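Chemist: Please read through the structure below; I'll follow up with questions.
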Amino acid sequence: MNTLSRLILGTAFSLALAACAAGPWAGSASLYDRLGGQPAITAVVDDFVANVAADKRINGQFANTNIPRLKMLLVEQICAGTGGPCQYTGRDMKSAHAHLKIGEADFAALVEDLSRTLDKFKVPAKEQGELIAILAPMKGDIVTVK
């Protein structure tokens, strides 16, 4: 799996881990349910991966990626991390990114691509904020070049 694939998986895994750590919100549905469940997560992942593939800043690292496997792992991560019934079967992000050369600009580009997808699917501001807030603290596990 190449650097961009790991970056994408890292981002999704970061979202998933942080969502798990946050726990259920009192009196509200899980983030998984608020996002629309697995069908909606799958649609978001499809669009997000397409955005990354079209992003000239980072798409060169994406060329040799097994796209169907990448999408499957992203769906698993987001589904599991947001309170859904899935189990993530990939590696942890710290070890997956330890030897890669992912910089601040790569991470920022990925976050922009995710934001573009969330806007396209009209994900409400509250849920977008939760996802971005979850992602930000995990940056250290993904960015290996300072």
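Chain identifiers are assigned as A, B, and so on, following the order in which chains appear in the structure tokens; residues are numbered from 1 within each chain, and ligands are numbered from 1 in order of appearance.
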From chain A, collect each residue whose DSSP state is helix (DSSP H, G or I) and return the set as a PyMOL selection string.
Modeler: chain A and resi 3-22+31-35+37-54+59-62+67-81+93-97+104-120+125-142
Chemist: Residues near Val44 (chain A), anyone? I mean within 9 Å using only C-alpha atoms, not counting same-chain ones fewer than 3 positions away, as a PyMOL selection string.
Modeler: chain A and resi 39-41+47-49+75+114+117-118+121
Chemist: Put those residues in a file: N, CA, C and O atoms, as an mmCIF file, in the first residue's frame.
Modeler:
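Full text of out.cif as output:
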data_model
loop_
_atom_site.group_PDB
_atom_site.id
_atom_site.type_symbol
_atom_site.label_atom_id
_atom_site.label_comp_id
_atom_site.auth_asym_id
_atom_site.auth_seq_id
_atom_site.Cartn_x
_atom_site.Cartn_y
_atom_site.Cartn_z
ATOM 1 N N PRO A 39 -24.666 2.860 4.173
ATOM 2 C CA PRO A 39 -24.826 3.317 2.782
ATOM 3 C C PRO A 39 -24.309 4.733 2.564
ATOM 4 O O PRO A 39 -23.639 5.019 1.569
ATOM 5 N N ALA A 40 -24.587 5.616 3.512
ATOM 6 C CA ALA A 40 -24.121 7.000 3.385
ATOM 7 C C ALA A 40 -22.607 7.076 3.546
ATOM 8 O O ALA A 40 -21.930 7.808 2.814
ATOM 9 N N ILE A 41 -22.061 6.321 4.487
ATOM 10 C CA ILE A 41 -20.611 6.308 4.687
ATOM 11 C C ILE A 41 -19.921 5.788 3.437
ATOM 12 O O ILE A 41 -18.902 6.337 2.997
ATOM 13 N N ASP A 47 -16.755 9.159 -2.851
ATOM 14 C CA ASP A 47 -16.509 10.518 -3.333
ATOM 15 C C ASP A 47 -15.181 11.062 -2.801
ATOM 16 O O ASP A 47 -14.423 11.699 -3.534
ATOM 17 N N PHE A 48 -14.889 10.810 -1.546
ATOM 18 C CA PHE A 48 -13.649 11.263 -0.930
ATOM 19 C C PHE A 48 -12.435 10.680 -1.659
ATOM 20 O O PHE A 48 -11.491 11.402 -1.993
ATOM 21 N N VAL A 49 -12.454 9.398 -1.922
ATOM 22 C CA VAL A 49 -11.338 8.759 -2.633
ATOM 23 C C VAL A 49 -11.199 9.344 -4.031
ATOM 24 O O VAL A 49 -10.085 9.587 -4.506
ATOM 25 N N VAL A 75 -14.414 2.435 4.833
ATOM 26 C CA VAL A 75 -15.793 2.246 5.301
ATOM 27 C C VAL A 75 -15.790 1.539 6.654
ATOM 28 O O VAL A 75 -16.501 1.954 7.578
ATOM 29 N N LEU A 114 -11.625 15.934 2.133
ATOM 30 C CA LEU A 114 -12.709 15.421 2.976
ATOM 31 C C LEU A 114 -13.786 16.482 3.171
ATOM 32 O O LEU A 114 -14.977 16.192 3.045
ATOM 33 N N THR A 117 -16.005 16.777 0.196
ATOM 34 C CA THR A 117 -16.971 15.679 0.128
ATOM 35 C C THR A 117 -18.116 15.892 1.114
ATOM 36 O O THR A 117 -19.288 15.714 0.764
ATOM 37 N N LEU A 118 -17.783 16.271 2.335
ATOM 38 C CA LEU A 118 -18.831 16.480 3.338
ATOM 39 C C LEU A 118 -19.780 17.590 2.919
ATOM 40 O O LEU A 118 -21.002 17.480 3.108
ATOM 41 N N PHE A 121 -22.184 16.324 0.178
ATOM 42 C CA PHE A 121 -23.260 15.484 0.700
ATOM 43 C C PHE A 121 -24.122 16.204 1.733
ATOM 44 O O PHE A 121 -24.977 15.588 2.357
#
Chemist: Quick one: residues within 10 Å of Asp33 (chain A), only C-alpha atoms, excluding same-chain residues fewer than 5 positions away - as a list in words?
Modeler: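 Contacts, in chain order: Ser28, Gln38, Ala40, Cys79, Thr82, Gly83 and Gly84 of chain A.
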Chemist: Let me see the file: selected residues, N, CA and C atoms, as a PDB file, in the first residue's frame.
Modeler:
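And here is the file that came out, part25.pdb:
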ATOM      1  N   SER A  28     -28.693  11.472  22.218  1.00  0.00           N
ATOM      2  CA  SER A  28     -28.666  11.634  20.771  1.00  0.00           C
ATOM      3  C   SER A  28     -28.244  10.341  20.108  1.00  0.00           C
ATOM      4  N   GLN A  38     -24.223   2.894   7.064  1.00  0.00           N
ATOM      5  CA  GLN A  38     -23.223   2.382   6.130  1.00  0.00           C
ATOM      6  C   GLN A  38     -23.444   2.814   4.685  1.00  0.00           C
ATOM      7  N   ALA A  40     -24.587   5.616   3.512  1.00  0.00           N
ATOM      8  CA  ALA A  40     -24.121   7.000   3.385  1.00  0.00           C
ATOM      9  C   ALA A  40     -22.607   7.076   3.546  1.00  0.00           C
ATOM     10  N   CYS A  79     -17.236   3.422   9.874  1.00  0.00           N
ATOM     11  CA  CYS A  79     -18.409   2.739  10.432  1.00  0.00           C
ATOM     12  C   CYS A  79     -18.157   2.351  11.884  1.00  0.00           C
ATOM     13  N   THR A  82     -17.589   5.442  14.375  1.00  0.00           N
ATOM     14  CA  THR A  82     -18.710   6.347  14.624  1.00  0.00           C
ATOM     15  C   THR A  82     -19.883   5.656  15.306  1.00  0.00           C
ATOM     16  N   GLY A  83     -19.662   4.424  15.749  1.00  0.00           N
ATOM     17  CA  GLY A  83     -20.695   3.714  16.499  1.00  0.00           C
ATOM     18  C   GLY A  83     -21.486   2.717  15.698  1.00  0.00           C
ATOM     19  N   GLY A  84     -21.043   2.394  14.503  1.00  0.00           N
ATOM     20  CA  GLY A  84     -21.731   1.417  13.662  1.00  0.00           C
ATOM     21  C   GLY A  84     -21.329  -0.007  13.986  1.00  0.00           C
TER      22      GLY A  84
END
Chemist: Measuring atom to atom with only C-alpha atoms, identify which of A:Ala105, A:Leu70, A:Ala80, A:Leu110 is nearest to Ile132 (chain A).
Modeler: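 Distance minimum relative to Ile132 (chain A) lands on A:Leu110.
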